[in-house]
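Everything below concerns the one structure shown next.
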Amino acid sequence: MKTKPLIRQIYPPYLVITLLCMIAVGVYAANTLRHFFIEQTRSDLIERANLLVHQIRPLLSSPHNGGIDLLSREIGNRADTRITVILSNGDVLGDSEADPHSMEKHLDRPEVAEAFSGKIGSIVRYSWTLKQDMIFVAIPLERNGRIDAVLRTAAPLTDLEKKLKHIYGQIFSGGLAIATIAVILSILIARKISRPIEEIRQGAEQFARGNLRHRLPKTGFDEIAGLSETINGMAGELEKRIQTISRQRNELEAVLSSMVEAVIAIDSNERVISMNAAARKMFAPTDARFEGRIIQELIRNVQLHEFVRKALATRENIEADILLNPGSETIVHARSTMLRGAGELYAGILIVMNDVTQIRKLENMRRDFAANVSHELKTPLTAIKGFVETLEQQKETDNPEQTERFLQIIVRHVDRLNRLIDDLMSLSRIEQEKQLHSKSVRLKAVLEQAVQICSARAREKDVQIHLDCPDDLEAEVDSNLIEQAVVNLLDNAVTYSDNGSEIRIEAVSDDTNVILRCKDRGIGIEKKHLSRIFERFYRVEKARSRKMGGTGLGLAIVKHIARAHGGRVTVESAPGQGSTFSIYLPRRI
């Protein structure tokens, strides 16, 4: 509906009421004055008629001698009053304004008829004789207890109307002045009432804009001042509550945004209520506006959708692992709990998700490690036990050559066990050491020592090892660990290189790293194995590796040595083209 200002709603009714009152008062005053003047004239005419009774009554003894008419004219001219004497038969004996002989009978006149009945008759009516409004008063003239005639006095209303019009004009002027004053007062009163209300409206607009520190002035009437005080109090309480809510919301947002875990709140209709920064980063929703959107629109993950539906349906705390993206290795562990609104009503679920990719990988590695260690230990132990039992069964037979062969096999498996245990102990020691025994060393000397250790096996296969390292190249490293890492790389290179091939060891440096490279021209490694060859007990060709005496821990030891120095190890290889292993070491630890 269309609204109007308060002053337009207050002022017109006040104005109409004022004008109606003024009109009513004016009409009442005019009627009262008219009635007053008419009554005053009537009383005056009665008094004049009573004064003439004693002069006209004696003349009634000879009514037709013209004396009554002469007296009527004389007194009527002096008193400015019309005087008429009427006999009981209706004949006019005398009239101050007209010729009695030309006048008709007057018995039908109301005032005359009333006077002949013994009363004083009076009336205001139009006079056909004088052609104007007149006020007539008629009194009976009695003689010997009998009404012989009626004396009638009359006065025109022309002068009275003029006086009344003058008075009406004064009343109208006074009423107009009073109405003008009333209009001005009405405007002032309306403004006085509307101004504080307008201030309250403007203050309410300030509150609506968020300026709750604005205060309304306590002016105007007591009721409006009380309303302003109440609204100010309400604004103060509202400001305190909003500050409390804002502080709590900021604290909650700070907690949620600082959480590593992804947190998503979902209502019972599968619509997102809230999502912290970790969740947005984890799932990368396409739409920045997520509040009120259905979870299926924001996050395209079937496993998460099924988890949400199950949690909403069961209303129980559930847990599950979810693959973040199809084809990826990222795994998140999701836990759900119920959300309760006001009155402990069910409002939805809260999902907390942790990235457990590394944990699951470590668990898989641990399981693989346990299985691999068990397998690696069980194979030589089984062989040793079998040959020992065979020797016990053949101890009575005399076959020294077979006995010697069995003993050599047992010794070979025992050596394998020793190497396996040594590698495990080395790997454990590298992982557990908190601080390296690092010092600045010449890398060429460390590399020469590693080449010397592997030279015997290289000569057996006629493999040439070439070392390329500047004499002045130094690095702050643990020389024993670096020597072990290079030995492991050289040993693998010799093992998987053909007879008569070459192996190159080189060391270079840039602004931040010292790089040790081991290049061979061996059988190479397929691409699918490159990402896993540094895992413990991982073998590209398991049967061939065991046959060649490998433990499956050499490259894992190299990786951990590089990490212990704050560096890394990489590999480039292709089947039939050899392999290149690179160890990146920081120049400063």
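We name chains A, B, ... following the order of the structure tokens; residues begin at 1 in each chain, and ligands are numbered from 1 as shown.
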
Next on the checklist: Please identify the strand (DSSP E or B) residues within segment 226-330 of chain A (assignment by DSSP from backbone atoms) and present them as a list in words.
Outcome noted: Ala262, Val263, Ile264, Ala265, Ile266, Asp267, Arg271, Val272, Ile273, Ser274, Met275, Ile294, Glu319, Ala320, Asp321, Ile322 and Leu323 of chain A

Next on the checklist: With only C-alpha atoms as the counted atoms, please give the residues lying no more than 9 Å from segment 101-105 of chain A, apart from itself and same-chain residues fewer than 2 positions off, as a ChimeraX atom specification.
Outcome noted: /A:86,89-94,98-99,107-109,129

Item to check | Shortest interatomic distance to Gln132 of chain A - which of A:Thr158, A:Gln484, A:Ser43, A:Asn144, counting only C-alpha atoms | outcome: A:Thr158

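The interatomic distance for the pair atom CA of Phe283 of chain A and atom CA of Ile318 of chain A works out to 20.4 Å.
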
Checklist entry - What residues in segment 15-156 of chain A get the DSSP label alpha helix (DSSP H)? Please answer as an NGL selection string. => result :A and (15-56 or 67-79 or 110-116)

Next on the checklist: List as a list of chain:residue names the protein and nucleic acid residues near Val514 of chain A, meaning an atom at most 8 Å away when only C-alpha atoms are counted, but skip any in the same chain fewer than 2 places from it.
Outcome noted: A:Ala475, A:Ala507, A:Val508, A:Ser509, A:Asp510, A:Thr512, A:Leu516, A:Tyr584, A:Leu585, A:Pro586, A:Arg587

Next on the checklist: Would you pick out the contacts of Ile171 of chain A at 10 Å or less, using only C-alpha atoms, so that residues sharing its chain but fewer than 3 positions from it are not included, and give the list as a list in words?
Outcome noted: Met22, Val25, Gly26, Val27, Ala29, Ala30, Lys165, His166, Ile167, Tyr168, Gly174, Gly175, Leu176 and Ala177 of chain A

Next on the checklist: I need the residue nearest Arg143 of chain A from this list: A:Lys119, A:His54, A:Lys519, A:Arg78. Use only C-alpha atoms for the distance.
Outcome noted: A:His54

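Atom pair atom CA of Leu164 of chain A / atom CA of Ile46 of chain A: separated by 21.8 Å.
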
Next on the checklist: For Glu448 of chain A, find every residue with an atom within 8 Å (counting only C-alpha atoms), except residues of its own chain fewer than 4 positions away, and show them as a ChimeraX atom specification.
Outcome noted: /A:444,452,467

Item to check | Contacts of Leu323 of chain A within 7 Å, only C-alpha atoms, excl. fewer than 5 positions in-chain, as a PyMOL selection string | outcome: chain A and resi 330-332

Selection from above, N, CA and C atoms, as a short mmCIF file (atom, residue, chain, number, x, y, z; two decimals), in the first residue's frame, can you write it?
data_model
loop_
_atom_site.label_atom_id
_atom_site.label_comp_id
_atom_site.auth_asym_id
_atom_site.auth_seq_id
_atom_site.Cartn_x
_atom_site.Cartn_y
_atom_site.Cartn_z
N THR A 330 45.74 -39.86 -3.73
CA THR A 330 45.40 -39.12 -2.51
C THR A 330 44.20 -39.76 -1.83
N ILE A 331 44.36 -40.09 -0.56
CA ILE A 331 43.31 -40.73 0.23
C ILE A 331 43.02 -39.86 1.44
N VAL A 332 41.73 -39.62 1.70
CA VAL A 332 41.33 -38.87 2.89
C VAL A 332 40.47 -39.78 3.77
#

Item to check | Who sits within 7 Å of Ala574 of chain A, only C-alpha atoms, same chain under 6 positions skipped, as a list in words | outcome: Gly524, Ile525, Glu526 and Lys527 of chain A

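What separates atom CA of Glu535 of chain A from atom CA of Leu555 of chain A is a distance of 7.5 Å.
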